[in-house]
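Quick notes on the structure that follows.
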Amino acid sequence: MQEVQLPIELAFMVRNRLKLRKIPYKEIKIDKIALDQHYIDLIENIISELKEKRGIKTRY
């Protein structure tokens, strides 16, 4: 499993989308999760999708 640091403003939205897609992850901290390596690209896609749809600006 690989740990992924998420911007706090996106952390809950990303977790919700992972739950909807039934992708297993382990919650480490409020802004950090661990998941299988082959899902890392999916996280990046979810974040870019949220930025486009919601106009969220982050440093990620």
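Note on naming: chains are A, B, ... as they come in the structure tokens, residues start from 1 per chain, ligands start from 1 in the order shown.
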Closest pair table for stretch 29-52 of chain A residues within 8 Å of stretch 16-25 of chain A, only C-alpha atoms, as JSON lines:
```
{"residue": "A:Ile33", "atom": "CA", "partner": "A:Tyr25", "partner_atom": "CA", "distance": 6.6}
{"residue": "A:Ala34", "atom": "CA", "partner": "A:Tyr25", "partner_atom": "CA", "distance": 5.6}
{"residue": "A:Leu35", "atom": "CA", "partner": "A:Tyr25", "partner_atom": "CA", "distance": 4.6}
{"residue": "A:Asp36", "atom": "CA", "partner": "A:Tyr25", "partner_atom": "CA", "distance": 7.6}
{"residue": "A:Ile46", "atom": "CA", "partner": "A:Arg17", "partner_atom": "CA", "distance": 7.8}
```
As a JSON list (two decimals) with N, CA, C and O atoms, in the first residue's frame, please: every residue in chain A that DSSP puts in helix (DSSP H, G or I).
```json
[["chain", "number", "residue", "atom", "x", "y", "z"],
["A", 8, "ILE", "N", -6.60, 19.02, 2.61],
["A", 8, "ILE", "CA", -7.74, 18.86, 3.52],
["A", 8, "ILE", "C", -9.05, 19.24, 2.84],
["A", 8, "ILE", "O", -10.06, 18.58, 3.04],
["A", 9, "GLU", "N", -9.03, 20.27, 2.01],
["A", 9, "GLU", "CA", -10.28, 20.69, 1.37],
["A", 9, "GLU", "C", -10.81, 19.65, 0.39],
["A", 9, "GLU", "O", -11.97, 19.69, 0.01],
["A", 10, "LEU", "N", -9.99, 18.67, -0.02],
["A", 10, "LEU", "CA", -10.44, 17.62, -0.92],
["A", 10, "LEU", "C", -10.55, 16.25, -0.26],
["A", 10, "LEU", "O", -11.14, 15.34, -0.83],
["A", 11, "ALA", "N", -9.99, 16.09, 0.91],
["A", 11, "ALA", "CA", -9.87, 14.77, 1.53],
["A", 11, "ALA", "C", -11.20, 14.05, 1.66],
["A", 11, "ALA", "O", -11.31, 12.88, 1.29],
["A", 12, "PHE", "N", -12.22, 14.70, 2.16],
["A", 12, "PHE", "CA", -13.51, 14.05, 2.35],
["A", 12, "PHE", "C", -14.19, 13.73, 1.02],
["A", 12, "PHE", "O", -14.80, 12.67, 0.87],
["A", 13, "MET", "N", -14.07, 14.63, 0.07],
["A", 13, "MET", "CA", -14.68, 14.38, -1.24],
["A", 13, "MET", "C", -14.01, 13.20, -1.95],
["A", 13, "MET", "O", -14.69, 12.39, -2.58],
["A", 14, "VAL", "N", -12.70, 13.10, -1.83],
["A", 14, "VAL", "CA", -11.98, 11.98, -2.45],
["A", 14, "VAL", "C", -12.38, 10.68, -1.79],
["A", 14, "VAL", "O", -12.65, 9.68, -2.47],
["A", 15, "ARG", "N", -12.45, 10.66, -0.46],
["A", 15, "ARG", "CA", -12.87, 9.44, 0.25],
["A", 15, "ARG", "C", -14.27, 9.01, -0.16],
["A", 15, "ARG", "O", -14.53, 7.82, -0.35],
["A", 16, "ASN", "N", -15.17, 9.95, -0.30],
["A", 16, "ASN", "CA", -16.54, 9.62, -0.72],
["A", 16, "ASN", "C", -16.56, 8.98, -2.09],
["A", 16, "ASN", "O", -17.28, 8.02, -2.34],
["A", 17, "ARG", "N", -15.76, 9.49, -2.99],
["A", 17, "ARG", "CA", -15.71, 8.92, -4.34],
["A", 17, "ARG", "C", -15.07, 7.53, -4.34],
["A", 17, "ARG", "O", -15.49, 6.66, -5.10],
["A", 18, "LEU", "N", -14.08, 7.33, -3.48],
["A", 18, "LEU", "CA", -13.49, 6.00, -3.37],
["A", 18, "LEU", "C", -14.51, 5.00, -2.83],
["A", 18, "LEU", "O", -14.59, 3.87, -3.30],
["A", 19, "LYS", "N", -15.32, 5.44, -1.86],
["A", 19, "LYS", "CA", -16.36, 4.56, -1.32],
["A", 19, "LYS", "C", -17.40, 4.22, -2.38],
["A", 19, "LYS", "O", -17.84, 3.08, -2.48],
["A", 20, "LEU", "N", -17.81, 5.21, -3.17],
["A", 20, "LEU", "CA", -18.79, 4.98, -4.23],
["A", 20, "LEU", "C", -18.28, 3.98, -5.26],
["A", 20, "LEU", "O", -19.05, 3.18, -5.79],
["A", 37, "GLN", "N", -1.10, 0.61, -5.02],
["A", 37, "GLN", "CA", -0.34, 1.44, -5.95],
["A", 37, "GLN", "C", -1.10, 1.72, -7.25],
["A", 37, "GLN", "O", -1.03, 2.83, -7.78],
["A", 38, "HIS", "N", -1.82, 0.74, -7.77],
["A", 38, "HIS", "CA", -2.47, 0.95, -9.06],
["A", 38, "HIS", "C", -3.68, 1.88, -9.00],
["A", 38, "HIS", "O", -4.27, 2.20, -10.03],
["A", 39, "TYR", "N", -4.05, 2.35, -7.82],
["A", 39, "TYR", "CA", -5.14, 3.33, -7.70],
["A", 39, "TYR", "C", -4.64, 4.77, -7.59],
["A", 39, "TYR", "O", -5.45, 5.70, -7.53],
["A", 40, "ILE", "N", -3.33, 4.97, -7.60],
["A", 40, "ILE", "CA", -2.77, 6.32, -7.45],
["A", 40, "ILE", "C", -3.22, 7.23, -8.60],
["A", 40, "ILE", "O", -3.59, 8.38, -8.37],
["A", 41, "ASP", "N", -3.22, 6.72, -9.82],
["A", 41, "ASP", "CA", -3.67, 7.52, -10.96],
["A", 41, "ASP", "C", -5.14, 7.92, -10.81],
["A", 41, "ASP", "O", -5.53, 9.02, -11.19],
["A", 42, "LEU", "N", -5.93, 7.04, -10.24],
["A", 42, "LEU", "CA", -7.34, 7.34, -10.02],
["A", 42, "LEU", "C", -7.52, 8.51, -9.06],
["A", 42, "LEU", "O", -8.36, 9.38, -9.29],
["A", 43, "ILE", "N", -6.70, 8.56, -8.02],
["A", 43, "ILE", "CA", -6.75, 9.68, -7.06],
["A", 43, "ILE", "C", -6.46, 10.98, -7.79],
["A", 43, "ILE", "O", -7.14, 11.99, -7.59],
["A", 44, "GLU", "N", -5.44, 10.98, -8.64],
["A", 44, "GLU", "CA", -5.11, 12.19, -9.39],
["A", 44, "GLU", "C", -6.25, 12.61, -10.31],
["A", 44, "GLU", "O", -6.56, 13.80, -10.42],
["A", 45, "ASN", "N", -6.91, 11.64, -10.93],
["A", 45, "ASN", "CA", -8.06, 11.94, -11.78],
["A", 45, "ASN", "C", -9.22, 12.52, -10.98],
["A", 45, "ASN", "O", -9.88, 13.46, -11.41],
["A", 46, "ILE", "N", -9.49, 11.95, -9.82],
["A", 46, "ILE", "CA", -10.57, 12.45, -8.97],
["A", 46, "ILE", "C", -10.29, 13.88, -8.54],
["A", 46, "ILE", "O", -11.17, 14.74, -8.58],
["A", 47, "ILE", "N", -9.05, 14.17, -8.15],
["A", 47, "ILE", "CA", -8.70, 15.53, -7.72],
["A", 47, "ILE", "C", -8.83, 16.52, -8.86],
["A", 47, "ILE", "O", -9.41, 17.59, -8.69],
["A", 48, "SER", "N", -8.36, 16.17, -10.05],
["A", 48, "SER", "CA", -8.48, 17.10, -11.18],
["A", 48, "SER", "C", -9.95, 17.30, -11.56],
["A", 48, "SER", "O", -10.36, 18.41, -11.90],
["A", 49, "GLU", "N", -10.75, 16.24, -11.46],
["A", 49, "GLU", "CA", -12.18, 16.35, -11.73],
["A", 49, "GLU", "C", -12.86, 17.29, -10.74],
["A", 49, "GLU", "O", -13.67, 18.14, -11.12],
["A", 50, "LEU", "N", -12.53, 17.15, -9.47],
["A", 50, "LEU", "CA", -13.11, 18.02, -8.44],
["A", 50, "LEU", "C", -12.68, 19.47, -8.64],
["A", 50, "LEU", "O", -13.48, 20.39, -8.44],
["A", 51, "LYS", "N", -11.45, 19.68, -9.01],
["A", 51, "LYS", "CA", -10.97, 21.05, -9.25],
["A", 51, "LYS", "C", -11.73, 21.69, -10.39],
["A", 51, "LYS", "O", -12.11, 22.86, -10.32],
["A", 52, "GLU", "N", -11.96, 20.94, -11.47],
["A", 52, "GLU", "CA", -12.67, 21.47, -12.62],
["A", 52, "GLU", "C", -14.13, 21.77, -12.31],
["A", 52, "GLU", "O", -14.64, 22.83, -12.63],
["A", 53, "LYS", "N", -14.79, 20.82, -11.67],
["A", 53, "LYS", "CA", -16.23, 20.96, -11.41],
["A", 53, "LYS", "C", -16.55, 21.96, -10.32],
["A", 53, "LYS", "O", -17.54, 22.66, -10.37],
["A", 54, "ARG", "N", -15.72, 22.02, -9.30],
["A", 54, "ARG", "CA", -16.03, 22.85, -8.14],
["A", 54, "ARG", "C", -15.17, 24.08, -8.04],
["A", 54, "ARG", "O", -15.36, 24.88, -7.14]]
```
